[in-house]
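Just below is one structure, and these are the notes that go with it.
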Amino acid sequence: MGDGMAGMHHHGGMGVLDPFSASAALTWSPDWPFLIGCLVALALYGTGVVRLRRRGDRWPVGRAIAWLAGVGSILLVTCSGLNDYGMVLFSAHMMQHMVLSMLSPILLLLGAPITLALRTLRPARKGSGRGPRELLVALLHSRFVRVISHPAFTIPLFVASLYGLYFTPLFDFLMQYRLGHIGMMVHFLAAGMLFFWPIMGVDPGPHRPGFVMRIIELFMGMPFHAFFGVAVMMATSSLVTTFGTGSAPAGTNLLDDQKMAGGITWAFGEIPTAVVLIALTLQWAKSEERQARRKDRAADRDGDAELVAYNAYLAALEQRGKRSTAGSAVAPPTVAPPVADAG
C-alpha cells in the first residue's frame, strides 16, 4: 500500500479503498475548500493575536492553543484519508460528523474568536461610516443572530442534523454531489458552533444564560443524540443507500459498519458533554472567585480611604505637635484606624 494514496485499488477505473485502518485514515489527502478555510482561520486568528501583542495587550495562550486544536481537528477529518473513507463507509462519515459538530466547535469557541475580533478590529474613523468592527457589533445585536443562537432554534437544529439527515432521503441526495458533501460538513460545524456558543459562554453573544441554564441547555440536546445513536445501532436494514456494496472496501459488512456508526454517535455524545461540563465548572468557580475578589477590592478601597484619613490625622498631629505641645487637642477622624494597615 503506497503511503501517498489512501490505499486505493483500481478496478476498471473505479477506486475501491482498502479495508479501513488507522494508517489509511491518517494519510494526507487534502480537500481544498477545507484546507483553504482552515489556513485562513489560522491566519486571521494569528494576525489578531500579533496585533494585540504589538499593542502591548495580553491574549491567553490557552485560547490560542484551543483555536489551533479546533482548526487541527477540522483538518484531521477533512484533509485526511478519513475523508475518502467518509465517502464510502458510514462509520467513517459518522466520525467526521461527530468531530465537526461536537468537538471542533467546542475547541474553536474556547479560542474566543469573537472576543479577539472585537479587541483587534479598530473602530471606524469618524464620518467614514461603519467599519468591520461596527458591522460585527451590529451583527451580534441583530435579530437574525438573536434568533439563530436561541436555544429554541439551536437545539432543534442540532437534533435535525441527525434525524432530518439520516432518517430521510436528504443524506443520499446530498452525497451525490461534491457541493452537497461540502455543504453538509460546513453545516455540521455551523450547527455545533451555534449550539455550544451560548452554552460555553466564552464569547459575547445575544444570549448569556446563567450557569444552571447553560447546563440544562447542554443536557436538553444530549438525550436526542444518544437515542439517535441507539436507533442506528438497532436498525436491521440500511438507513442510507449511499454506502452500498459497490463502493465499500472489500469485505465490509454494511450492517456491522452501520452499527459501528451508531456506536460512534452514541459514545461521542459523552465526550463533549464531559469537556463542556469541566469548562463550565471552571468558569463557574472563576466567576465566584471574581465576585469574592470584587468584594475584597471594594473593602480594599474603603480600607485605603481609612488609611489616608488616618495618615492625614497623624500628619496633622505632628504639625500641631511641632507648633505647640497641645497636639492632642486635634479631634481624631470619625473613621476608626484600620488595625491591619496601621501596623
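The chains in the C-alpha cells are called A, B, ... from first to last as shown; in each chain the residues are counted from 1, and the ligands are counted from 1 in the order shown.
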Residues of region 124-155 of chain A within 8 Å of region 173-195 of chain A: nearest atom pair and distance (Å, one decimal) for each, counting only C-alpha atoms, sorted by chain and number, as a Markdown table?
```
| residue | atom | partner | partner_atom | distance |
| --- | --- | --- | --- | --- |
| A:Ile148 | CA | A:Leu194 | CA | 7.3 |
| A:Ser149 | CA | A:Leu194 | CA | 5.6 |
| A:Pro151 | CA | A:Phe195 | CA | 7.3 |
| A:Thr154 | CA | A:Phe195 | CA | 5.0 |
| A:Ile155 | CA | A:Phe195 | CA | 6.4 |
```
Mind dumping a table of every region 103-197 of chain A residue within 12 Å of region 278-295 of chain A, with the nearest atom pair and its distance in Å to one decimal, using only C-alpha atoms, sorted by chain and rising number, as JSON lines?
```
{"residue": "A:Ile106", "atom": "CA", "partner": "A:Ala279", "partner_atom": "CA", "distance": 9.8}
{"residue": "A:Leu107", "atom": "CA", "partner": "A:Ala279", "partner_atom": "CA", "distance": 10.8}
{"residue": "A:Leu109", "atom": "CA", "partner": "A:Ala279", "partner_atom": "CA", "distance": 11.3}
{"residue": "A:Leu110", "atom": "CA", "partner": "A:Ala279", "partner_atom": "CA", "distance": 8.9}
{"residue": "A:Phe196", "atom": "CA", "partner": "A:Leu280", "partner_atom": "CA", "distance": 11.5}
```
Skip region 79-95 of chain A itself and residues of its chain fewer than 5 positions away, then list as a PyMOL selection string all residues within 8 Å of it, counting only C-alpha atoms. chain A and resi 6+17+20+24-32+34-35+175+242-244+247-249+257-258+260-262+264-265
Nearest-residue call for Ser161 (chain A), choices A:Asn253, A:Ser142, A:Ser101, A:Ser128, using only C-alpha atoms: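 The shortest atom-to-atom distance to Ser161 (chain A) comes from A:Ser101.
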